[in-house]
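*Asks:* Contents of my_file-v9.txt (compact mmCIF, C-alpha atoms and all ligand atoms) are below:
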# COMPACT_ATOMS: atom_id res chain seq x y z
CA MET M 1 93.91 -112.53 181.48
CA VAL M 2 95.62 -109.82 183.51
CA LYS M 3 96.20 -110.88 187.15
CA GLY M 4 97.41 -108.97 190.22
CA SER M 5 97.07 -105.27 191.02
CA GLN M 6 95.25 -103.41 188.26
CA LYS M 7 95.67 -99.84 189.46
CA ILE M 8 97.52 -97.87 186.81
CA VAL M 9 98.81 -94.33 187.24
CA ALA M 10 99.94 -91.68 184.75
CA VAL M 11 102.55 -92.55 182.18
CA ASP M 12 106.12 -92.14 183.49
CA GLN M 13 104.93 -90.99 186.93
CA GLY M 14 107.98 -90.97 189.19
CA ILE M 15 110.27 -92.57 186.63
CA PRO M 16 113.71 -90.95 186.81
CA ILE M 17 115.41 -89.98 183.56
CA ILE M 18 119.13 -89.77 184.11
CA ASP M 19 121.31 -87.82 181.73
CA MET M 20 124.62 -89.64 181.74
CA SER M 21 126.46 -86.67 180.26
CA GLN M 22 126.11 -84.74 183.54
CA GLU M 23 128.93 -84.42 186.02
CA ARG M 24 129.96 -87.88 187.31
CA SER M 25 128.98 -87.44 190.96
CA GLN M 26 125.54 -86.14 189.94
CA VAL M 27 124.96 -89.19 187.78
CA SER M 28 125.99 -91.62 190.53
CA LYS M 29 123.77 -89.89 193.10
CA GLN M 30 120.78 -90.05 190.80
CA ILE M 31 121.39 -93.69 189.94
CA VAL M 32 121.55 -94.76 193.58
CA LYS M 33 118.44 -92.77 194.44
CA ALA M 34 116.52 -94.35 191.55
CA CYS M 35 117.66 -97.85 192.58
CA GLU M 36 116.49 -97.23 196.15
CA THR M 37 113.10 -95.76 195.37
CA LEU M 38 111.84 -97.62 192.30
CA GLY M 39 114.57 -99.96 191.11
CA PHE M 40 114.05 -98.61 187.62
CA PHE M 41 115.20 -95.60 185.58
CA LYS M 42 115.87 -94.45 182.04
CA VAL M 43 119.26 -93.29 180.86
CA VAL M 44 119.81 -90.82 178.05
CA ASN M 45 123.09 -89.66 176.49
CA HIS M 46 124.32 -93.12 177.44
CA GLY M 47 127.12 -93.25 174.90
CA VAL M 48 125.95 -96.34 172.97
CA ASP M 49 126.37 -95.67 169.27
CA GLN M 50 123.03 -95.27 167.48
CA THR M 51 124.23 -97.31 164.48
CA ILE M 52 124.82 -100.32 166.76
CA ILE M 53 121.30 -99.96 168.16
CA SER M 54 119.63 -99.47 164.77
CA ARG M 55 121.45 -102.43 163.25
CA MET M 56 120.40 -104.69 166.09
CA GLU M 57 116.80 -103.53 165.80
CA GLN M 58 116.61 -103.96 162.02
CA GLU M 59 118.19 -107.41 162.16
CA SER M 60 115.75 -108.45 164.89
CA ILE M 61 112.81 -107.31 162.74
CA ASN M 62 114.21 -109.36 159.85
CA PHE M 63 114.59 -112.40 162.10
CA PHE M 64 111.01 -112.34 163.41
CA ALA M 65 109.69 -111.87 159.85
CA LYS M 66 111.07 -115.31 158.92
CA SER M 67 108.94 -118.46 158.80
CA VAL M 68 108.42 -120.37 162.07
CA HIS M 69 110.33 -123.25 160.54
CA GLU M 70 113.40 -121.05 160.02
CA LYS M 71 113.07 -119.46 163.45
CA ILE M 72 112.92 -122.71 165.39
CA SER M 73 115.86 -124.06 163.46
CA VAL M 74 118.33 -121.84 165.38
CA LYS M 75 119.43 -123.89 168.34
CA PRO M 76 121.31 -122.52 171.35
CA ALA M 77 123.43 -124.95 173.38
CA ASN M 78 120.88 -125.82 176.07
CA GLN M 79 117.52 -125.07 177.74
CA PRO M 80 115.99 -122.59 178.44
CA PHE M 81 117.76 -120.83 175.59
CA ARG M 82 115.95 -120.92 172.27
CA TYR M 83 113.43 -119.29 169.95
CA GLY M 84 110.11 -119.43 171.76
CA PHE M 85 106.54 -118.47 171.04
CA ARG M 86 104.00 -117.77 173.80
CA ASP M 87 105.45 -120.10 176.44
CA ILE M 88 107.85 -118.32 178.79
CA GLY M 89 110.13 -120.29 181.10
CA LEU M 90 109.74 -123.93 182.00
CA LYS M 91 106.70 -123.80 184.31
CA GLY M 92 103.76 -123.11 182.05
CA ASP M 93 103.78 -119.27 181.93
CA SER M 94 102.67 -117.77 178.68
CA GLY M 95 102.29 -114.40 176.99
CA GLU M 96 101.55 -112.85 173.62
CA VAL M 97 105.21 -112.75 172.71
CA GLU M 98 107.74 -114.52 170.57
CA TYR M 99 111.36 -114.27 171.56
CA LEU M 100 114.90 -115.31 171.00
CA LEU M 101 116.78 -116.05 174.22
CA PHE M 102 120.46 -116.89 174.30
CA HIS M 103 123.62 -116.82 176.34
CA THR M 104 125.95 -114.02 175.32
CA ASN M 105 128.88 -116.39 175.40
CA ASP M 106 127.63 -119.13 173.07
CA PRO M 107 129.74 -118.72 169.91
CA ALA M 108 128.34 -121.89 168.30
CA PHE M 109 124.82 -120.50 168.56
CA LEU M 110 125.75 -116.97 167.56
CA SER M 111 127.41 -118.25 164.41
CA GLN M 112 124.02 -119.69 163.31
CA LEU M 113 122.51 -116.20 163.30
CA SER M 114 122.82 -114.24 160.10
CA PHE M 115 123.12 -111.16 162.30
CA ASN M 116 125.93 -112.50 164.43
CA SER M 117 128.09 -109.41 164.07
CA ALA M 118 125.25 -106.98 164.93
CA VAL M 119 124.50 -109.03 168.06
CA ASN M 120 128.14 -109.14 169.17
CA CYS M 121 128.56 -105.37 168.75
CA TYR M 122 125.35 -104.78 170.68
CA ILE M 123 126.38 -107.10 173.52
CA GLU M 124 129.76 -105.44 173.85
CA ALA M 125 128.21 -101.96 173.91
CA VAL M 126 125.50 -102.74 176.47
CA ASN M 127 127.95 -104.64 178.66
CA GLN M 128 130.11 -101.52 178.78
CA LEU M 129 127.07 -99.45 179.68
CA VAL M 130 126.14 -101.81 182.52
CA SER M 131 129.73 -101.78 183.84
CA LYS M 132 129.70 -97.98 183.79
CA ILE M 133 126.40 -97.84 185.69
CA LEU M 134 127.63 -100.39 188.24
CA ASP M 135 130.88 -98.49 188.80
CA LEU M 136 128.99 -95.23 189.32
CA THR M 137 126.77 -97.10 191.78
CA ALA M 138 129.77 -98.44 193.70
CA GLU M 139 131.25 -94.94 193.93
CA GLU M 140 128.15 -93.48 195.49
CA LEU M 141 127.77 -96.42 197.88
CA ARG M 142 131.43 -95.95 198.89
CA VAL M 143 132.30 -99.60 198.23
CA PRO M 144 135.44 -100.74 196.34
CA PRO M 145 135.29 -99.48 192.73
CA SER M 146 134.58 -102.64 190.76
CA THR M 147 132.61 -104.51 193.46
CA PHE M 148 129.71 -105.12 191.08
CA SER M 149 131.18 -104.69 187.61
CA LYS M 150 133.87 -107.34 188.09
CA LEU M 151 131.09 -109.93 188.31
CA ILE M 152 129.87 -109.22 184.80
CA SER M 153 133.22 -108.69 183.12
CA THR M 154 134.82 -112.14 183.18
CA VAL M 155 134.74 -114.71 180.39
CA ASP M 156 132.48 -116.96 182.43
CA SER M 157 129.96 -114.23 183.36
CA ASP M 158 126.49 -115.65 182.84
CA SER M 159 124.79 -112.88 180.88
CA VAL M 160 121.83 -113.39 178.61
CA LEU M 161 120.16 -111.53 175.75
CA ARG M 162 116.44 -111.74 175.08
CA VAL M 163 114.87 -110.19 172.01
CA ASN M 164 111.09 -109.94 172.41
CA HIS M 165 108.56 -109.40 169.68
CA TYR M 166 104.95 -108.71 170.71
CA PRO M 167 103.04 -109.20 167.47
CA THR M 168 99.90 -107.44 166.34
CA SER M 169 96.63 -109.16 167.12
CA ASP M 170 94.24 -110.46 164.50
CA CYS M 171 91.47 -110.83 167.14
CA GLY M 172 91.36 -114.55 166.52
CA THR M 173 90.50 -114.12 162.85
CA ASN M 174 92.51 -112.83 159.98
CA ARG M 175 91.18 -109.30 160.09
CA VAL M 176 92.57 -106.22 161.73
CA CYS M 177 90.95 -105.28 165.09
CA ASP M 178 88.90 -102.16 165.21
CA LYS M 179 89.13 -99.93 168.31
CA SER M 180 86.13 -101.40 170.12
CA GLU M 181 87.56 -104.91 169.91
CA SER M 182 90.95 -104.12 171.35
CA VAL M 183 91.76 -105.51 174.79
CA MET M 184 95.00 -105.41 176.70
CA ARG M 185 96.74 -108.73 176.47
CA VAL M 186 99.50 -109.94 178.71
CA GLY M 187 102.65 -109.81 176.64
CA PHE M 188 104.93 -110.71 179.51
CA GLY M 189 103.48 -111.40 182.96
CA GLU M 190 104.70 -109.65 186.10
CA HIS M 191 108.12 -110.67 187.33
CA THR M 192 111.45 -109.42 188.55
CA ASP M 193 114.64 -110.04 186.60
CA PRO M 194 116.89 -112.44 188.52
CA GLN M 195 120.34 -111.17 187.48
CA ILE M 196 122.29 -108.09 188.64
CA LEU M 197 121.07 -105.41 186.24
CA THR M 198 119.01 -105.38 183.05
CA VAL M 199 119.29 -102.81 180.27
CA LEU M 200 116.31 -102.80 178.02
CA ARG M 201 115.30 -100.81 175.01
CA SER M 202 112.34 -100.95 172.68
CA ASN M 203 111.02 -99.55 169.47
CA GLY M 204 108.49 -96.72 169.69
CA ILE M 205 105.63 -98.93 170.88
CA GLY M 206 104.76 -98.95 174.60
CA GLY M 207 103.50 -101.72 176.85
CA LEU M 208 106.08 -101.92 179.65
CA GLN M 209 104.81 -101.15 183.16
CA VAL M 210 106.70 -101.07 186.45
CA LEU M 211 105.27 -101.49 189.96
CA ASN M 212 106.03 -98.59 192.30
CA SER M 213 106.33 -98.59 196.09
CA ASP M 214 102.59 -97.85 196.43
CA ARG M 215 101.94 -101.02 194.43
CA LEU M 216 100.61 -99.05 191.47
CA TRP M 217 101.56 -99.84 187.90
CA VAL M 218 103.37 -97.07 186.06
CA PRO M 219 103.29 -97.31 182.25
CA VAL M 220 106.69 -96.48 180.77
CA SER M 221 106.62 -94.34 177.63
CA PRO M 222 108.63 -95.86 174.82
CA ASP M 223 111.77 -93.94 173.96
CA PRO M 224 113.93 -95.64 171.32
CA SER M 225 116.85 -93.35 172.12
CA ALA M 226 116.94 -94.25 175.83
CA PHE M 227 117.77 -97.41 177.73
CA CYS M 228 115.62 -98.57 180.61
CA VAL M 229 117.57 -99.98 183.54
CA ASN M 230 116.08 -102.49 186.00
CA VAL M 231 117.65 -103.53 189.27
CA GLY M 232 117.69 -107.34 189.37
CA ASP M 233 117.32 -109.74 192.32
CA LEU M 234 121.08 -110.15 192.84
CA LEU M 235 121.67 -106.42 193.22
CA GLN M 236 118.89 -106.28 195.80
CA VAL M 237 120.67 -109.05 197.71
CA MET M 238 124.15 -107.51 197.42
CA THR M 239 122.86 -104.17 198.69
CA ASN M 240 121.08 -106.01 201.52
CA GLY M 241 117.67 -104.83 200.38
CA ARG M 242 118.63 -101.18 199.91
CA PHE M 243 117.99 -101.43 196.17
CA ILE M 244 114.68 -102.72 194.82
CA SER M 245 114.43 -105.49 192.27
CA VAL M 246 111.55 -103.94 190.37
CA LYS M 247 108.44 -105.87 189.38
CA HIS M 248 107.47 -105.23 185.80
CA ARG M 249 105.23 -106.59 183.05
CA VAL M 250 104.21 -105.91 179.48
CA LEU M 251 100.59 -105.35 178.49
CA ALA M 252 100.21 -105.30 174.75
CA SER M 253 97.33 -103.72 172.89
CA GLY M 254 98.21 -105.76 169.83
CA LYS M 255 97.53 -102.79 167.54
CA GLU M 256 101.17 -102.28 166.65
CA SER M 257 104.02 -104.63 167.27
CA ARG M 258 106.51 -103.98 170.03
CA LEU M 259 110.11 -105.04 169.79
CA SER M 260 112.31 -104.99 172.87
CA THR M 261 115.83 -106.16 173.61
CA ALA M 262 116.85 -106.99 177.15
CA TYR M 263 120.42 -107.59 178.23
CA PHE M 264 120.54 -109.35 181.60
CA ALA M 265 123.96 -108.91 183.16
CA GLY M 266 124.75 -111.89 185.37
CA PRO M 267 127.77 -113.20 187.30
CA PRO M 268 129.59 -116.52 186.81
CA LEU M 269 127.61 -119.54 188.02
CA GLN M 270 130.04 -120.22 190.88
CA ALA M 271 130.06 -116.59 192.11
CA LYS M 272 129.03 -116.29 195.75
CA ILE M 273 126.28 -113.73 196.18
CA GLY M 274 125.28 -112.22 199.49
CA PRO M 275 124.97 -108.82 201.14
CA ILE M 276 128.29 -107.01 200.86
CA PRO M 277 129.80 -106.12 204.24
CA ALA M 278 129.43 -102.37 203.81
CA MET M 279 125.68 -102.79 203.32
CA ILE M 280 125.22 -104.50 206.67
CA THR M 281 125.15 -102.24 209.66
CA ALA M 282 124.45 -104.33 212.73
CA VAL M 283 122.25 -101.75 214.44
CA ASN M 284 119.61 -100.79 211.95
CA GLN M 285 120.18 -103.07 209.00
CA PRO M 286 120.75 -106.69 209.90
CA ARG M 287 121.69 -109.08 207.13
CA LEU M 288 118.53 -109.82 205.14
CA TYR M 289 119.77 -112.52 202.79
CA GLN M 290 121.78 -115.71 202.97
CA THR M 291 124.78 -116.31 200.76
CA PHE M 292 124.28 -118.51 197.72
CA THR M 293 125.87 -119.11 194.38
CA TRP M 294 124.29 -117.73 191.25
CA GLY M 295 124.08 -121.32 189.99
CA GLU M 296 121.98 -122.32 193.03
CA TYR M 297 119.73 -119.29 192.66
CA LYS M 298 119.15 -119.98 188.99
CA LYS M 299 118.33 -123.62 189.57
CA PHE M 300 115.80 -122.68 192.23
CA GLY M 301 114.37 -119.94 189.98
CA TYR M 302 113.63 -122.43 187.21
CA SER M 303 111.41 -124.39 189.60
CA LEU M 304 109.06 -121.40 190.08
CA ARG M 305 106.44 -119.56 188.07
CA LEU M 306 107.23 -116.15 186.59
CA GLU M 307 105.41 -114.12 189.27
CA ASP M 308 106.72 -116.12 192.27
CA SER M 309 109.23 -114.40 194.52
CA ARG M 310 112.53 -116.23 194.40
CA LEU M 311 114.12 -113.88 196.92
CA ASP M 312 111.87 -114.90 199.82
CA MET M 313 113.50 -118.30 199.85
CA PHE M 314 116.89 -116.75 200.53
CA ARG M 315 115.88 -114.34 203.27
CA THR M 316 117.38 -114.63 206.71
CA TYR M 317 117.06 -112.69 209.89
CA LYS M 318 120.00 -114.40 211.52
CA ASP M 319 123.46 -112.86 211.55
CA GLU M 320 125.93 -114.75 209.43
CA ASP M 321 129.58 -114.11 208.81
CA ASP M 322 130.17 -111.35 206.32
CA VAL M 323 130.89 -112.56 202.84
CA ASN M 324 133.07 -111.35 200.08
CA VAL M 325 131.23 -111.18 196.84
CA PHE M 326 132.90 -113.52 194.33
O1 LIG F 1 109.52 -106.21 176.59
C1 LIG F 1 109.74 -105.57 177.59
O2 LIG F 1 109.69 -104.36 177.61
C2 LIG F 1 110.11 -106.26 178.89
C3 LIG F 1 110.58 -107.66 178.73
C4 LIG F 1 111.04 -108.25 180.03
O3 LIG F 1 110.68 -107.83 181.09
C5 LIG F 1 111.99 -109.37 179.99
O4 LIG F 1 112.35 -109.84 178.88
O5 LIG F 1 112.42 -109.80 181.09
FE FE F 2 111.95 -108.59 182.70
If you took the structure in this file and wrote it as structure tokens, what would it be?
*Replies:*
Amino acid sequence: MVKGSQKIVAVDQGIPIIDMSQERSQVSKQIVKACETLGFFKVVNHGVDQTIISRMEQESINFFAKSVHEKISVKPANQPFRYGFRDIGLKGDSGEVEYLLFHTNDPAFLSQLSFNSAVNCYIEAVNQLVSKILDLTAEELRVPPSTFSKLISTVDSDSVLRVNHYPTSDCGTNRVCDKSESVMRVGFGEHTDPQILTVLRSNGIGGLQVLNSDRLWVPVSPDPSAFCVNVGDLLQVMTNGRFISVKHRVLASGKESRLSTAYFAGPPLQAKIGPIPAMITAVNQPRLYQTFTWGEYKKFGYSLRLEDSRLDMFRTYKDEDDVNVF
């Protein structure tokens, strides 16, 4: 069942496409604008080698084609990391999706994957892309150059990769659906991503929708050569609400299978997160969020359902001392 707002507008309406090969200051301006208005944009000419992307995609297809027995036998170090089918998170959310979720710094787990080297190359490439985007963001916000990127570049950064496979539907039987039988199924219910920034790409099958400021759902056209970028909760906090942690969901028709790969760039667990001083101007922008560690935020997040707002819990209207991030 699809819950929440059902109003859907035209495909890609208002979704910025940012060409990263443009002049640097143009790119940073466009990134900041997109983060402020929607919290979501696509990047093209992003510099990630197509062979790294194609290898990751092909290996993911091979993985999901294996038997359930083989898939559940890969075991990351601890919960919630694992191969999962339908159930998302620890609080009873579910969707028409199977996925592989793991920490990017879990060598014991990665060595169990036959596609270990494809995954490592992919992680390194998308981490560089996220760092580049965060540095461009910092430039335009006129904050110290690596304010954001330093959080995701240390050995103990808590970044995660999720490979999602939304399978085709057999309509409850073993036959192929005809057109009249097809219904939109929730692949991944509405949520925001908790980390700093997510870079996501998919095969050529759509399904992703983002919620705009008018609370209308905008379907995102699939573009295998682009990366989608989502602002996460922590970036909303660090920018003191100037950037929007975008709500998004996946509705799957089940006619063709969708494969997506999301890299969630997160800080070390002990990193202190709060609005950065430059984003607080006493007169018209009081501090909106308390300071917390990423570990505390994560723990609280696990106690909620997918669509619940974690950020509300950390809001404040009181002035606190300025914090230094990390
Ligand atoms: O499959 C998609 O396009 C989105 C998946 C997603 O939002 C997530 O894994 O957090
Ligand atoms: Fe997400």
*Asks:* Sorted by chain and rising residue number, list the residues of chain M at most 7 Å from ligand LIG 1 (chain F) (counting all atoms listed in the file), each with its closest atom pair and distance in Å to one decimal, as a Markdown table.
*Replies:*
| residue | atom | partner | partner_atom | distance |
| --- | --- | --- | --- | --- |
| M:Arg162 | CA | F:LIG1 | O4 | 5.9 |
| M:Asn164 | CA | F:LIG1 | O1 | 5.8 |
| M:Phe188 | CA | F:LIG1 | C3 | 6.5 |
| M:Asp193 | CA | F:LIG1 | O5 | 5.9 |
| M:Leu200 | CA | F:LIG1 | O2 | 6.8 |
| M:Ser202 | CA | F:LIG1 | O2 | 6.6 |
| M:Gly207 | CA | F:LIG1 | O2 | 6.8 |
| M:Leu208 | CA | F:LIG1 | O2 | 4.8 |
| M:His248 | CA | F:LIG1 | O3 | 6.3 |
| M:Arg249 | CA | F:LIG1 | O3 | 5.9 |
| M:Val250 | CA | F:LIG1 | C1 | 5.9 |
| M:Leu259 | CA | F:LIG1 | O1 | 6.9 |
| M:Ser260 | CA | F:LIG1 | O1 | 4.8 |
| M:Thr261 | CA | F:LIG1 | O1 | 7.0 |
| M:Ala262 | CA | F:LIG1 | O4 | 5.6 |
*Asks:* Distance limit 12 Å, reference ligand FE 2 (chain F), atoms considered: all atoms listed in the file. Which residues make the cut? Give them as a PyMOL selection string.
*Replies:* chain M and resi 40+88-89+160-164+187-201+208-210+228-233+245-250+260-264+306-307
*Asks:* Counting all atoms listed in the file, what are the residues of range 97-194 of chain M within 10 Å of range 235-240 of chain M, and for each of them which pair of atoms is the nearest and at what distance in Å, to one decimal? Sort the table by chain and rising number, as JSON lines.
*Replies:*
{"residue": "M:Leu134", "atom": "CA", "partner": "M:Leu235", "partner_atom": "CA", "distance": 9.8}
{"residue": "M:Leu141", "atom": "CA", "partner": "M:Thr239", "partner_atom": "CA", "distance": 9.2}
{"residue": "M:Thr147", "atom": "CA", "partner": "M:Met238", "partner_atom": "CA", "distance": 9.8}
{"residue": "M:Phe148", "atom": "CA", "partner": "M:Leu235", "partner_atom": "CA", "distance": 8.4}
{"residue": "M:Pro194", "atom": "CA", "partner": "M:Leu235", "partner_atom": "CA", "distance": 9.0}
*Asks:* For those residues, write C-alpha atoms to a file as a PDB file, keeping the file's coordinate frame.
*Replies:*
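Once written, result.pdb looks like this:
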ATOM      1  CA  LEU M 134     127.630-100.390 188.240  1.00  0.00           C
ATOM      2  CA  LEU M 141     127.770 -96.420 197.880  1.00  0.00           C
ATOM      3  CA  THR M 147     132.610-104.510 193.460  1.00  0.00           C
ATOM      4  CA  PHE M 148     129.710-105.120 191.080  1.00  0.00           C
ATOM      5  CA  PRO M 194     116.890-112.440 188.520  1.00  0.00           C
TER       6      PRO M 194
END
*Asks:* Each residue of range 22-122 of chain M with at least one atom at most 10 Å from range 282-304 of chain M should appear once, together with its nearest atom pair and the corresponding distance in Å (one decimal); atoms considered: only C-alpha atoms; ordering: chain, then increasing residue number; output as CSV.
*Replies:*
residue,atom,partner,partner_atom,distance
M:Pro80,CA,M:Tyr302,CA,9.1
M:Gly89,CA,M:Tyr302,CA,7.4
M:Leu90,CA,M:Tyr302,CA,6.7
M:Lys91,CA,M:Leu304,CA,6.7
M:Gly92,CA,M:Leu304,CA,9.8
M:Asp93,CA,M:Leu304,CA,9.9
*Asks:* What is the distance, in Å and to one decimal place, between CA of His46 in chain M and CA of Gly206 in chain M?
*Replies:* 20.6 Å
*Asks:* Let me make sure I understand: among M:Ser73, M:Ser309, M:Thr137, M:Gln6, which one has the smallest atom-to-atom distance to Val27 in chain M if we use all atoms listed in the file?
*Replies:*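 The closest residue to Val27 in chain M is M:Thr137.
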